[in-house]
Structures are given as C-alpha cells and as structure tokens.
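Trainee: Can you keep this structure in mind? I'll have questions shortly.
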Amino acid sequence: MTDSLRLEVVTPSRRVLQSRASEVRLPGALGELGVLPGHTPLLTSLGTGEVSWTDGDITGHLVVQGGFAEVQPDAVTVLATIAETIDEVDVEAARVALAEAQEALKTASAEDFDRFDAALRLAEARINAAS
C-alpha cells in the first residue's frame with residue numbers, strides 16, 4: 001500500500017488541481033468525508049464546502065459546489081460543478097453575496113429557497129476557505 005493518494009479536481013471547463021496527498025477531506029452531500037491511502041472504493045455526491053488535503057507539511061484548500069467524487073485506494077478524483085482555488089476567491093464579493101443571500105432567504109418563496117440557500121452556502125465556503 002502506498003502512503004499517498006493522487007488528487008485531481010476538475011470542472012466541466014478545466015483542471016483545477018492535480019497533486020499528491022496523504023489525506024483528503026471532502027464536503028460530501030451528507031457530511032464531511034475523510035480519505036486516506038488504501039480507502040475502500042466509493043462514489044459520492046458532493047455538497048458545497050471546502051476540499052482540503054495534506055501533503056507532508058503542506059495543507060491545501062479549495063472550494064467546491066456540487067458534483068461527484070470517486071475514491072480509489074490510491075486516488076481521489078473530484079468532478080465538481082464549481083471549483084475555485086483560494087487565490088481565485090474574492091472574499092469581499094463573497095461577503096456581499098452572503099449578505100444578499102441572507103436577505104433574500106428572509107422572503108424567498110418555496111421555489112426560490114434552494115437557489116438562495118445554495119448561494120449562501122457557497123459564499124460561506126468561500127469566506128471560510130480563504131480565511
């Protein structure tokens with residue numbers, strides 16, 4: 001068994017990350033998922049949140065929303081709807097989006113609730129990951 005994983009994060013339009021990792025944490029749709037080398041194969045849907053990974057003394061972070069993750073004993077492949085590196089996150093814009101989503105949720109109709117809630121969770125993930 002190897003002591004590291006190959007980690008790849010892609011969106012429909014680009015490869016966001018390709019790295020080695022000794023541990024990966026993912027925002028699964030039903031909660032956070034931790035992956036170590038040798039993990040049992042699985043396929044899971046992703047929620048909104050932070051993907052973090054450790055490679056030696058280095059820890060990396062990025063933000064994802066939606067998609068899937070495939071886990072193999074030696075690899076994690078994230079197929080995300082949205083993925084952004086920390087350098088790509090505009091924290092001030094995320095704060096504005098968070099305030100707008102919070103305000104919109106106060107009066108959202110049932111049809112609009114999921115859209116505003118997703119915007120709120122993405123803004124929170126961006127702010128948390130960047131800080």
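How things are named: the first chain in the structure tokens is A, the next is B, and so on; residues count from 1 in each chain; ligands count from 1 in the order shown.
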Give me the residues within 12 Å of Thr40 of chain A as a PyMOL selection string, counting only C-alpha atoms and dropping any in the same chain fewer than 5 places off.
Mentor: chain A and resi 34-35+70-76
Trainee: Selected residues, C-alpha atoms, written as a compact mmCIF listing (two decimals), in the first residue's frame, please.
Mentor:
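Result file is selection-v1.txt:
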# COMPACT_ATOMS: atom_id res chain seq x y z
CA GLY A 34 -12.03 11.87 5.10
CA VAL A 35 -9.89 9.77 2.76
CA GLU A 70 -14.59 8.99 -6.94
CA VAL A 71 -12.37 7.41 -4.31
CA GLN A 72 -9.97 4.59 -5.13
CA PRO A 73 -7.32 3.13 -2.79
CA ASP A 74 -4.63 5.26 -4.48
CA ALA A 75 -6.60 8.20 -5.93
CA VAL A 76 -9.35 10.75 -5.37
Trainee: What does the structure give for the distance between atom CA of Gly60 of chain A and atom CA of Ala123 of chain A, in Å to one decimal?
Mentor: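 Between atom CA of Gly60 of chain A and atom CA of Ala123 of chain A the gap works out to 18.9 Å.
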Trainee: Considering only C-alpha atoms, return as a PDB file with N, CA, C and O atoms, in the first residue's frame whatever protein or nucleic-acid residues lie within 12 Å of segment 22-25 of chain A, sequence-local ones (same chain, fewer than 2 positions apart) excluded.
Mentor:
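Now in around.pdb:
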ATOM      1  N   THR A   2       0.530   2.212  -0.798  1.00  0.00           N
ATOM      2  CA  THR A   2       1.270   3.467  -0.887  1.00  0.00           C
ATOM      3  C   THR A   2       0.884   4.396   0.262  1.00  0.00           C
ATOM      4  O   THR A   2      -0.174   4.246   0.861  1.00  0.00           O
ATOM      5  N   ASP A   3       1.735   5.375   0.547  1.00  0.00           N
ATOM      6  CA  ASP A   3       1.443   6.302   1.637  1.00  0.00           C
ATOM      7  C   ASP A   3       0.883   7.633   1.129  1.00  0.00           C
ATOM      8  O   ASP A   3       0.775   8.587   1.883  1.00  0.00           O
ATOM      9  N   SER A   4       0.522   7.691  -0.157  1.00  0.00           N
ATOM     10  CA  SER A   4      -0.084   8.910  -0.682  1.00  0.00           C
ATOM     11  C   SER A   4      -1.135   8.585  -1.732  1.00  0.00           C
ATOM     12  O   SER A   4      -1.214   7.475  -2.243  1.00  0.00           O
ATOM     13  N   LEU A   5      -1.938   9.588  -2.005  1.00  0.00           N
ATOM     14  CA  LEU A   5      -3.011   9.497  -2.991  1.00  0.00           C
ATOM     15  C   LEU A   5      -2.733  10.481  -4.120  1.00  0.00           C
ATOM     16  O   LEU A   5      -2.105  11.521  -3.901  1.00  0.00           O
ATOM     17  N   ARG A   6      -3.222  10.171  -5.281  1.00  0.00           N
ATOM     18  CA  ARG A   6      -3.242  11.138  -6.375  1.00  0.00           C
ATOM     19  C   ARG A   6      -4.567  11.870  -6.256  1.00  0.00           C
ATOM     20  O   ARG A   6      -5.629  11.248  -6.203  1.00  0.00           O
ATOM     21  N   LEU A   7      -4.520  13.198  -6.177  1.00  0.00           N
ATOM     22  CA  LEU A   7      -5.724  14.010  -6.059  1.00  0.00           C
ATOM     23  C   LEU A   7      -5.875  14.862  -7.312  1.00  0.00           C
ATOM     24  O   LEU A   7      -4.941  15.555  -7.712  1.00  0.00           O
ATOM     25  N   GLU A   8      -7.040  14.771  -7.923  1.00  0.00           N
ATOM     26  CA  GLU A   8      -7.331  15.589  -9.093  1.00  0.00           C
ATOM     27  C   GLU A   8      -8.712  16.208  -8.922  1.00  0.00           C
ATOM     28  O   GLU A   8      -9.659  15.520  -8.549  1.00  0.00           O
ATOM     29  N   VAL A   9      -8.799  17.514  -9.185  1.00  0.00           N
ATOM     30  CA  VAL A   9     -10.072  18.229  -9.126  1.00  0.00           C
ATOM     31  C   VAL A   9     -10.292  18.882 -10.480  1.00  0.00           C
ATOM     32  O   VAL A   9      -9.450  19.651 -10.954  1.00  0.00           O
ATOM     33  N   SER A  19      -2.444  16.915  -7.647  1.00  0.00           N
ATOM     34  CA  SER A  19      -1.476  16.919  -6.562  1.00  0.00           C
ATOM     35  C   SER A  19      -1.355  15.534  -5.947  1.00  0.00           C
ATOM     36  O   SER A  19      -2.137  14.630  -6.258  1.00  0.00           O
ATOM     37  N   ARG A  20      -0.396  15.375  -5.085  1.00  0.00           N
ATOM     38  CA  ARG A  20      -0.279  14.195  -4.223  1.00  0.00           C
ATOM     39  C   ARG A  20      -0.806  14.604  -2.855  1.00  0.00           C
ATOM     40  O   ARG A  20      -0.733  15.778  -2.474  1.00  0.00           O
ATOM     41  N   PRO A  27     -16.350  17.726   1.095  1.00  0.00           N
ATOM     42  CA  PRO A  27     -17.705  18.023   1.583  1.00  0.00           C
ATOM     43  C   PRO A  27     -18.732  17.140   0.877  1.00  0.00           C
ATOM     44  O   PRO A  27     -19.290  17.507  -0.157  1.00  0.00           O
ATOM     45  N   GLY A  28     -18.951  15.958   1.391  1.00  0.00           N
ATOM     46  CA  GLY A  28     -19.964  15.082   0.806  1.00  0.00           C
ATOM     47  C   GLY A  28     -21.349  15.686   0.981  1.00  0.00           C
ATOM     48  O   GLY A  28     -21.563  16.542   1.837  1.00  0.00           O
ATOM     49  N   GLY A  31     -22.347  15.046   4.480  1.00  0.00           N
ATOM     50  CA  GLY A  31     -21.388  15.370   5.529  1.00  0.00           C
ATOM     51  C   GLY A  31     -19.959  15.234   5.037  1.00  0.00           C
ATOM     52  O   GLY A  31     -19.709  14.794   3.915  1.00  0.00           O
ATOM     53  N   GLU A  32     -19.028  15.606   5.889  1.00  0.00           N
ATOM     54  CA  GLU A  32     -17.619  15.594   5.520  1.00  0.00           C
ATOM     55  C   GLU A  32     -17.089  14.167   5.434  1.00  0.00           C
ATOM     56  O   GLU A  32     -17.467  13.298   6.209  1.00  0.00           O
ATOM     57  N   LEU A  33     -16.215  13.959   4.465  1.00  0.00           N
ATOM     58  CA  LEU A  33     -15.636  12.644   4.198  1.00  0.00           C
ATOM     59  C   LEU A  33     -14.121  12.764   4.255  1.00  0.00           C
ATOM     60  O   LEU A  33     -13.551  13.629   3.603  1.00  0.00           O
ATOM     61  N   GLY A  34     -13.484  11.921   5.037  1.00  0.00           N
ATOM     62  CA  GLY A  34     -12.031  11.875   5.099  1.00  0.00           C
ATOM     63  C   GLY A  34     -11.512  10.656   4.359  1.00  0.00           C
ATOM     64  O   GLY A  34     -12.076   9.570   4.472  1.00  0.00           O
ATOM     65  N   VAL A  35     -10.441  10.849   3.575  1.00  0.00           N
ATOM     66  CA  VAL A  35      -9.895   9.773   2.760  1.00  0.00           C
ATOM     67  C   VAL A  35      -8.397   9.658   3.032  1.00  0.00           C
ATOM     68  O   VAL A  35      -7.667  10.643   2.957  1.00  0.00           O
ATOM     69  N   LEU A  36      -7.969   8.446   3.314  1.00  0.00           N
ATOM     70  CA  LEU A  36      -6.557   8.121   3.486  1.00  0.00           C
ATOM     71  C   LEU A  36      -6.162   7.100   2.431  1.00  0.00           C
ATOM     72  O   LEU A  36      -7.027   6.421   1.869  1.00  0.00           O
ATOM     73  N   PRO A  37      -4.878   6.964   2.158  1.00  0.00           N
ATOM     74  CA  PRO A  37      -4.443   5.924   1.205  1.00  0.00           C
ATOM     75  C   PRO A  37      -4.984   4.557   1.626  1.00  0.00           C
ATOM     76  O   PRO A  37      -5.057   4.231   2.821  1.00  0.00           O
ATOM     77  N   GLY A  38      -5.414   3.778   0.642  1.00  0.00           N
ATOM     78  CA  GLY A  38      -5.972   2.459   0.907  1.00  0.00           C
ATOM     79  C   GLY A  38      -7.464   2.472   1.176  1.00  0.00           C
ATOM     80  O   GLY A  38      -8.056   1.432   1.488  1.00  0.00           O
ATOM     81  N   HIS A  39      -8.106   3.624   1.056  1.00  0.00           N
ATOM     82  CA  HIS A  39      -9.538   3.736   1.324  1.00  0.00           C
ATOM     83  C   HIS A  39     -10.321   2.799   0.406  1.00  0.00           C
ATOM     84  O   HIS A  39      -9.949   2.560  -0.740  1.00  0.00           O
ATOM     85  N   LEU A  46     -21.212  15.416  -4.054  1.00  0.00           N
ATOM     86  CA  LEU A  46     -20.600  16.479  -3.263  1.00  0.00           C
ATOM     87  C   LEU A  46     -21.631  17.530  -2.882  1.00  0.00           C
ATOM     88  O   LEU A  46     -22.561  17.802  -3.642  1.00  0.00           O
ATOM     89  N   GLY A  49     -18.643  23.226  -0.100  1.00  0.00           N
ATOM     90  CA  GLY A  49     -17.717  23.401   1.003  1.00  0.00           C
ATOM     91  C   GLY A  49     -16.279  23.356   0.560  1.00  0.00           C
ATOM     92  O   GLY A  49     -15.951  23.559  -0.609  1.00  0.00           O
ATOM     93  N   GLU A  50     -15.444  23.032   1.511  1.00  0.00           N
ATOM     94  CA  GLU A  50     -14.009  23.081   1.312  1.00  0.00           C
ATOM     95  C   GLU A  50     -13.424  21.690   1.107  1.00  0.00           C
ATOM     96  O   GLU A  50     -13.739  20.765   1.843  1.00  0.00           O
ATOM     97  N   VAL A  51     -12.606  21.558   0.089  1.00  0.00           N
ATOM     98  CA  VAL A  51     -11.771  20.375  -0.083  1.00  0.00           C
ATOM     99  C   VAL A  51     -10.419  20.748   0.506  1.00  0.00           C
ATOM    100  O   VAL A  51      -9.861  21.791   0.168  1.00  0.00           O
ATOM    101  N   SER A  52      -9.917  19.926   1.413  1.00  0.00           N
ATOM    102  CA  SER A  52      -8.589  20.173   1.957  1.00  0.00           C
ATOM    103  C   SER A  52      -7.764  18.906   1.807  1.00  0.00           C
ATOM    104  O   SER A  52      -8.296  17.805   1.793  1.00  0.00           O
ATOM    105  N   TRP A  53      -6.462  19.100   1.675  1.00  0.00           N
ATOM    106  CA  TRP A  53      -5.566  17.968   1.532  1.00  0.00           C
ATOM    107  C   TRP A  53      -4.245  18.298   2.193  1.00  0.00           C
ATOM    108  O   TRP A  53      -3.880  19.461   2.345  1.00  0.00           O
ATOM    109  N   THR A  54      -3.579  17.248   2.618  1.00  0.00           N
ATOM    110  CA  THR A  54      -2.277  17.379   3.246  1.00  0.00           C
ATOM    111  C   THR A  54      -1.276  16.585   2.432  1.00  0.00           C
ATOM    112  O   THR A  54      -1.539  15.451   2.043  1.00  0.00           O
ATOM    113  N   ASP A  55      -0.129  17.199   2.189  1.00  0.00           N
ATOM    114  CA  ASP A  55       0.980  16.551   1.507  1.00  0.00           C
ATOM    115  C   ASP A  55       2.241  16.924   2.281  1.00  0.00           C
ATOM    116  O   ASP A  55       2.787  18.013   2.097  1.00  0.00           O
ATOM    117  N   GLY A  56       2.654  16.050   3.184  1.00  0.00           N
ATOM    118  CA  GLY A  56       3.780  16.365   4.065  1.00  0.00           C
ATOM    119  C   GLY A  56       3.391  17.479   5.020  1.00  0.00           C
ATOM    120  O   GLY A  56       2.390  17.385   5.728  1.00  0.00           O
ATOM    121  N   ASP A  57       4.169  18.558   5.024  1.00  0.00           N
ATOM    122  CA  ASP A  57       3.885  19.701   5.894  1.00  0.00           C
ATOM    123  C   ASP A  57       2.978  20.730   5.238  1.00  0.00           C
ATOM    124  O   ASP A  57       2.670  21.758   5.833  1.00  0.00           O
ATOM    125  N   ILE A  58       2.562  20.473   4.016  1.00  0.00           N
ATOM    126  CA  ILE A  58       1.760  21.434   3.268  1.00  0.00           C
ATOM    127  C   ILE A  58       0.290  21.021   3.312  1.00  0.00           C
ATOM    128  O   ILE A  58      -0.052  19.859   3.086  1.00  0.00           O
ATOM    129  N   THR A  59      -0.565  21.991   3.609  1.00  0.00           N
ATOM    130  CA  THR A  59      -2.003  21.773   3.568  1.00  0.00           C
ATOM    131  C   THR A  59      -2.591  22.719   2.536  1.00  0.00           C
ATOM    132  O   THR A  59      -2.267  23.908   2.529  1.00  0.00           O
ATOM    133  N   GLY A  60      -3.435  22.190   1.662  1.00  0.00           N
ATOM    134  CA  GLY A  60      -4.074  22.995   0.634  1.00  0.00           C
ATOM    135  C   GLY A  60      -5.575  23.015   0.812  1.00  0.00           C
ATOM    136  O   GLY A  60      -6.150  22.124   1.448  1.00  0.00           O
ATOM    137  N   HIS A  61      -6.188  24.038   0.247  1.00  0.00           N
ATOM    138  CA  HIS A  61      -7.637  24.207   0.358  1.00  0.00           C
ATOM    139  C   HIS A  61      -8.182  24.741  -0.960  1.00  0.00           C
ATOM    140  O   HIS A  61      -7.521  25.532  -1.634  1.00  0.00           O
ATOM    141  N   LEU A  62      -9.378  24.320  -1.293  1.00  0.00           N
ATOM    142  CA  LEU A  62     -10.135  24.930  -2.367  1.00  0.00           C
ATOM    143  C   LEU A  62     -11.614  24.763  -2.072  1.00  0.00           C
ATOM    144  O   LEU A  62     -11.996  24.035  -1.162  1.00  0.00           O
ATOM    145  N   VAL A  63     -12.428  25.461  -2.842  1.00  0.00           N
ATOM    146  CA  VAL A  63     -13.880  25.469  -2.628  1.00  0.00           C
ATOM    147  C   VAL A  63     -14.551  24.741  -3.779  1.00  0.00           C
ATOM    148  O   VAL A  63     -14.181  24.943  -4.941  1.00  0.00           O
ATOM    149  N   VAL A  64     -15.531  23.888  -3.452  1.00  0.00           N
ATOM    150  CA  VAL A  64     -16.306  23.206  -4.483  1.00  0.00           C
ATOM    151  C   VAL A  64     -17.794  23.348  -4.184  1.00  0.00           C
ATOM    152  O   VAL A  64     -18.203  23.559  -3.045  1.00  0.00           O
ATOM    153  N   ALA A  69     -17.405  12.766  -6.328  1.00  0.00           N
ATOM    154  CA  ALA A  69     -16.028  12.380  -6.041  1.00  0.00           C
ATOM    155  C   ALA A  69     -15.935  10.866  -6.155  1.00  0.00           C
ATOM    156  O   ALA A  69     -16.801  10.138  -5.653  1.00  0.00           O
ATOM    157  N   VAL A  71     -13.482   7.787  -5.183  1.00  0.00           N
ATOM    158  CA  VAL A  71     -12.372   7.414  -4.314  1.00  0.00           C
ATOM    159  C   VAL A  71     -11.912   6.013  -4.682  1.00  0.00           C
ATOM    160  O   VAL A  71     -12.729   5.092  -4.767  1.00  0.00           O
ATOM    161  N   PRO A  73      -8.342   3.284  -3.831  1.00  0.00           N
ATOM    162  CA  PRO A  73      -7.317   3.135  -2.793  1.00  0.00           C
ATOM    163  C   PRO A  73      -6.100   4.051  -2.980  1.00  0.00           C
ATOM    164  O   PRO A  73      -5.473   4.452  -1.998  1.00  0.00           O
ATOM    165  N   ASP A  74      -5.813   4.440  -4.229  1.00  0.00           N
ATOM    166  CA  ASP A  74      -4.632   5.265  -4.479  1.00  0.00           C
ATOM    167  C   ASP A  74      -4.951   6.607  -5.141  1.00  0.00           C
ATOM    168  O   ASP A  74      -4.045   7.328  -5.563  1.00  0.00           O
ATOM    169  N   ALA A  75      -6.249   6.965  -5.229  1.00  0.00           N
ATOM    170  CA  ALA A  75      -6.595   8.202  -5.934  1.00  0.00           C
ATOM    171  C   ALA A  75      -7.950   8.738  -5.495  1.00  0.00           C
ATOM    172  O   ALA A  75      -8.849   7.978  -5.134  1.00  0.00           O
ATOM    173  N   VAL A  76      -8.077  10.063  -5.561  1.00  0.00           N
ATOM    174  CA  VAL A  76      -9.349  10.754  -5.365  1.00  0.00           C
ATOM    175  C   VAL A  76      -9.538  11.680  -6.561  1.00  0.00           C
ATOM    176  O   VAL A  76      -8.684  12.520  -6.838  1.00  0.00           O
ATOM    177  N   THR A  77     -10.646  11.495  -7.262  1.00  0.00           N
ATOM    178  CA  THR A  77     -10.974  12.347  -8.399  1.00  0.00           C
ATOM    179  C   THR A  77     -12.254  13.083  -8.074  1.00  0.00           C
ATOM    180  O   THR A  77     -13.277  12.463  -7.786  1.00  0.00           O
ATOM    181  N   VAL A  78     -12.175  14.412  -8.105  1.00  0.00           N
ATOM    182  CA  VAL A  78     -13.329  15.264  -7.828  1.00  0.00           C
ATOM    183  C   VAL A  78     -13.794  15.867  -9.139  1.00  0.00           C
ATOM    184  O   VAL A  78     -13.025  16.526  -9.834  1.00  0.00           O
TER     185      VAL A  78
END
Trainee: Which of these residues is nearest to Leu122 of chain A, using only C-alpha atoms: A:Leu43, A:Leu79, A:Leu30, A:Val96?
Mentor: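 Looking at the shortest contact to Leu122 of chain A, the residue is A:Val96.
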Trainee: With DSSP run on the backbone, what are the alpha helix (DSSP H) residues within chain A? I'd like them as a compact mmCIF listing (two decimals) with N, CA, C and O atoms, in the first residue's frame.
Mentor:
# COMPACT_ATOMS: atom_id res chain seq x y z
N VAL A 91 -12.93 37.52 -1.55
CA VAL A 91 -13.59 37.49 -0.24
C VAL A 91 -14.61 38.60 -0.10
O VAL A 91 -15.70 38.38 0.43
N GLU A 92 -14.29 39.78 -0.58
CA GLU A 92 -15.25 40.89 -0.47
C GLU A 92 -16.52 40.60 -1.27
O GLU A 92 -17.63 40.83 -0.79
N ALA A 93 -16.37 40.07 -2.46
CA ALA A 93 -17.55 39.69 -3.26
C ALA A 93 -18.34 38.58 -2.57
O ALA A 93 -19.57 38.57 -2.61
N ALA A 94 -17.64 37.66 -1.92
CA ALA A 94 -18.31 36.58 -1.19
C ALA A 94 -19.10 37.14 -0.01
O ALA A 94 -20.21 36.67 0.28
N ARG A 95 -18.55 38.14 0.67
CA ARG A 95 -19.27 38.76 1.79
C ARG A 95 -20.54 39.46 1.30
O ARG A 95 -21.59 39.38 1.94
N VAL A 96 -20.44 40.14 0.17
CA VAL A 96 -21.61 40.80 -0.41
C VAL A 96 -22.65 39.75 -0.81
O VAL A 96 -23.84 39.89 -0.52
N ALA A 97 -22.21 38.67 -1.46
CA ALA A 97 -23.12 37.59 -1.87
C ALA A 97 -23.78 36.94 -0.66
O ALA A 97 -24.97 36.60 -0.70
N LEU A 98 -23.02 36.78 0.43
CA LEU A 98 -23.57 36.20 1.65
C LEU A 98 -24.68 37.09 2.21
O LEU A 98 -25.78 36.60 2.53
N ALA A 99 -24.43 38.40 2.30
CA ALA A 99 -25.44 39.31 2.82
C ALA A 99 -26.68 39.32 1.94
O ALA A 99 -27.82 39.32 2.44
N GLU A 100 -26.47 39.31 0.63
CA GLU A 100 -27.62 39.30 -0.30
C GLU A 100 -28.43 38.01 -0.17
O GLU A 100 -29.66 38.05 -0.19
N ALA A 101 -27.74 36.89 -0.04
CA ALA A 101 -28.44 35.60 0.10
C ALA A 101 -29.20 35.54 1.42
O ALA A 101 -30.34 35.05 1.47
N GLN A 102 -28.59 36.04 2.50
CA GLN A 102 -29.28 36.05 3.80
C GLN A 102 -30.55 36.89 3.73
O GLN A 102 -31.59 36.49 4.24
N GLU A 103 -30.45 38.04 3.08
CA GLU A 103 -31.62 38.91 2.94
C GLU A 103 -32.68 38.26 2.06
O GLU A 103 -33.87 38.29 2.38
N ALA A 104 -32.28 37.66 0.96
CA ALA A 104 -33.23 37.03 0.04
C ALA A 104 -33.93 35.85 0.69
O ALA A 104 -35.11 35.60 0.41
N LEU A 105 -33.24 35.12 1.54
CA LEU A 105 -33.85 33.96 2.20
C LEU A 105 -34.99 34.35 3.15
O LEU A 105 -35.89 33.55 3.39
N LYS A 106 -34.95 35.56 3.64
CA LYS A 106 -35.99 36.01 4.57
C LYS A 106 -37.37 36.04 3.91
O LYS A 106 -38.38 35.83 4.59
N THR A 107 -37.40 36.30 2.61
CA THR A 107 -38.68 36.41 1.91
C THR A 107 -38.79 35.46 0.72
O THR A 107 -39.68 35.62 -0.11
N ALA A 110 -41.00 29.23 -1.87
CA ALA A 110 -40.56 27.83 -1.83
C ALA A 110 -39.76 27.46 -3.07
O ALA A 110 -38.80 26.70 -3.00
N GLU A 111 -40.14 28.04 -4.22
CA GLU A 111 -39.43 27.74 -5.48
C GLU A 111 -38.02 28.32 -5.49
O GLU A 111 -37.13 27.78 -6.14
N ASP A 112 -37.80 29.44 -4.81
CA ASP A 112 -36.50 30.11 -4.83
C ASP A 112 -35.60 29.76 -3.65
O ASP A 112 -34.42 30.10 -3.65
N PHE A 113 -36.15 29.09 -2.65
CA PHE A 113 -35.39 28.84 -1.43
C PHE A 113 -34.08 28.08 -1.70
O PHE A 113 -33.03 28.48 -1.21
N ASP A 114 -34.14 27.00 -2.47
CA ASP A 114 -32.94 26.19 -2.73
C ASP A 114 -31.86 26.99 -3.43
O ASP A 114 -30.67 26.84 -3.13
N ARG A 115 -32.24 27.85 -4.36
CA ARG A 115 -31.26 28.66 -5.09
C ARG A 115 -30.55 29.64 -4.15
O ARG A 115 -29.32 29.76 -4.17
N PHE A 116 -31.31 30.33 -3.29
CA PHE A 116 -30.70 31.28 -2.37
C PHE A 116 -29.89 30.57 -1.29
O PHE A 116 -28.84 31.05 -0.86
N ASP A 117 -30.36 29.40 -0.86
CA ASP A 117 -29.62 28.62 0.13
C ASP A 117 -28.29 28.15 -0.45
O ASP A 117 -27.26 28.19 0.23
N ALA A 118 -28.28 27.71 -1.70
CA ALA A 118 -27.03 27.29 -2.35
C ALA A 118 -26.06 28.47 -2.48
O ALA A 118 -24.85 28.32 -2.25
N ALA A 119 -26.58 29.65 -2.81
CA ALA A 119 -25.73 30.84 -2.90
C ALA A 119 -25.14 31.19 -1.54
O ALA A 119 -23.96 31.55 -1.43
N LEU A 120 -25.94 31.06 -0.49
CA LEU A 120 -25.47 31.33 0.86
C LEU A 120 -24.36 30.35 1.25
O LEU A 120 -23.30 30.76 1.75
N ARG A 121 -24.57 29.06 1.00
CA ARG A 121 -23.56 28.06 1.37
C ARG A 121 -22.26 28.24 0.59
O ARG A 121 -21.17 28.08 1.14
N LEU A 122 -22.36 28.62 -0.68
CA LEU A 122 -21.16 28.85 -1.48
C LEU A 122 -20.40 30.08 -0.96
O LEU A 122 -19.17 30.05 -0.83
N ALA A 123 -21.11 31.15 -0.64
CA ALA A 123 -20.46 32.34 -0.10
C ALA A 123 -19.78 32.03 1.22
O ALA A 123 -18.64 32.45 1.47
N GLU A 124 -20.45 31.27 2.10
CA GLU A 124 -19.84 30.89 3.37
C GLU A 124 -18.59 30.04 3.16
O GLU A 124 -17.57 30.24 3.82
N ALA A 125 -18.64 29.10 2.23
CA ALA A 125 -17.50 28.24 1.95
C ALA A 125 -16.33 29.06 1.43
O ALA A 125 -15.17 28.82 1.81
N ARG A 126 -16.60 30.01 0.57
CA ARG A 126 -15.53 30.86 0.03
C ARG A 126 -14.87 31.67 1.15
O ARG A 126 -13.64 31.75 1.22
N ILE A 127 -15.67 32.26 2.01
CA ILE A 127 -15.13 33.07 3.11
C ILE A 127 -14.32 32.19 4.06
O ILE A 127 -13.20 32.54 4.45
N ASN A 128 -14.87 31.05 4.44
CA ASN A 128 -14.17 30.16 5.38
C ASN A 128 -12.86 29.62 4.80
O ASN A 128 -11.85 29.55 5.50
N ALA A 129 -12.88 29.24 3.55
CA ALA A 129 -11.67 28.67 2.94
C ALA A 129 -10.57 29.71 2.78
O ALA A 129 -9.39 29.40 2.93
N ALA A 130 -10.96 30.95 2.52
CA ALA A 130 -9.97 31.99 2.29
C ALA A 130 -9.38 32.54 3.59
O ALA A 130 -8.35 33.18 3.57
Trainee: Run DSSP on the backbone and give me the residues of chain A it puts in strand (DSSP E), as a PyMOL selection string.
Mentor: chain A and resi 5-10+15-21+23-28+31-35+42-45+48-55+58-72+75-85
Trainee: Using only C-alpha atoms for the distances, tell me which of A:Thr81, A:Ser131, A:Thr11, A:Gln18 is nearest to Thr48 of chain A.
Mentor: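 For Thr48 of chain A, the nearest of the given residues is A:Thr81.
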Trainee: For Phe68 of chain A, which of A:Thr85, A:Thr44, A:Arg14, A:Ser109 is the closest residue, counting only C-alpha atoms?
Mentor: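 Using only C-alpha atoms, the shortest distance to Phe68 of chain A belongs to A:Thr44.
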Trainee: So, with only C-alpha atoms as the atoms that count, which of A:Pro12, A:Ala21, A:Ser45, A:Ala108 lies closest to Ala83 of chain A?
Mentor: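 Among the listed residues, the smallest separation from Ala83 of chain A belongs to A:Pro12.
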Trainee: Any idea what the distance is between atom CA of Ala29 of chain A and atom CA of Val10 of chain A?
Mentor: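 About the pair atom CA of Ala29 of chain A and atom CA of Val10 of chain A: they are 17.7 Å apart.
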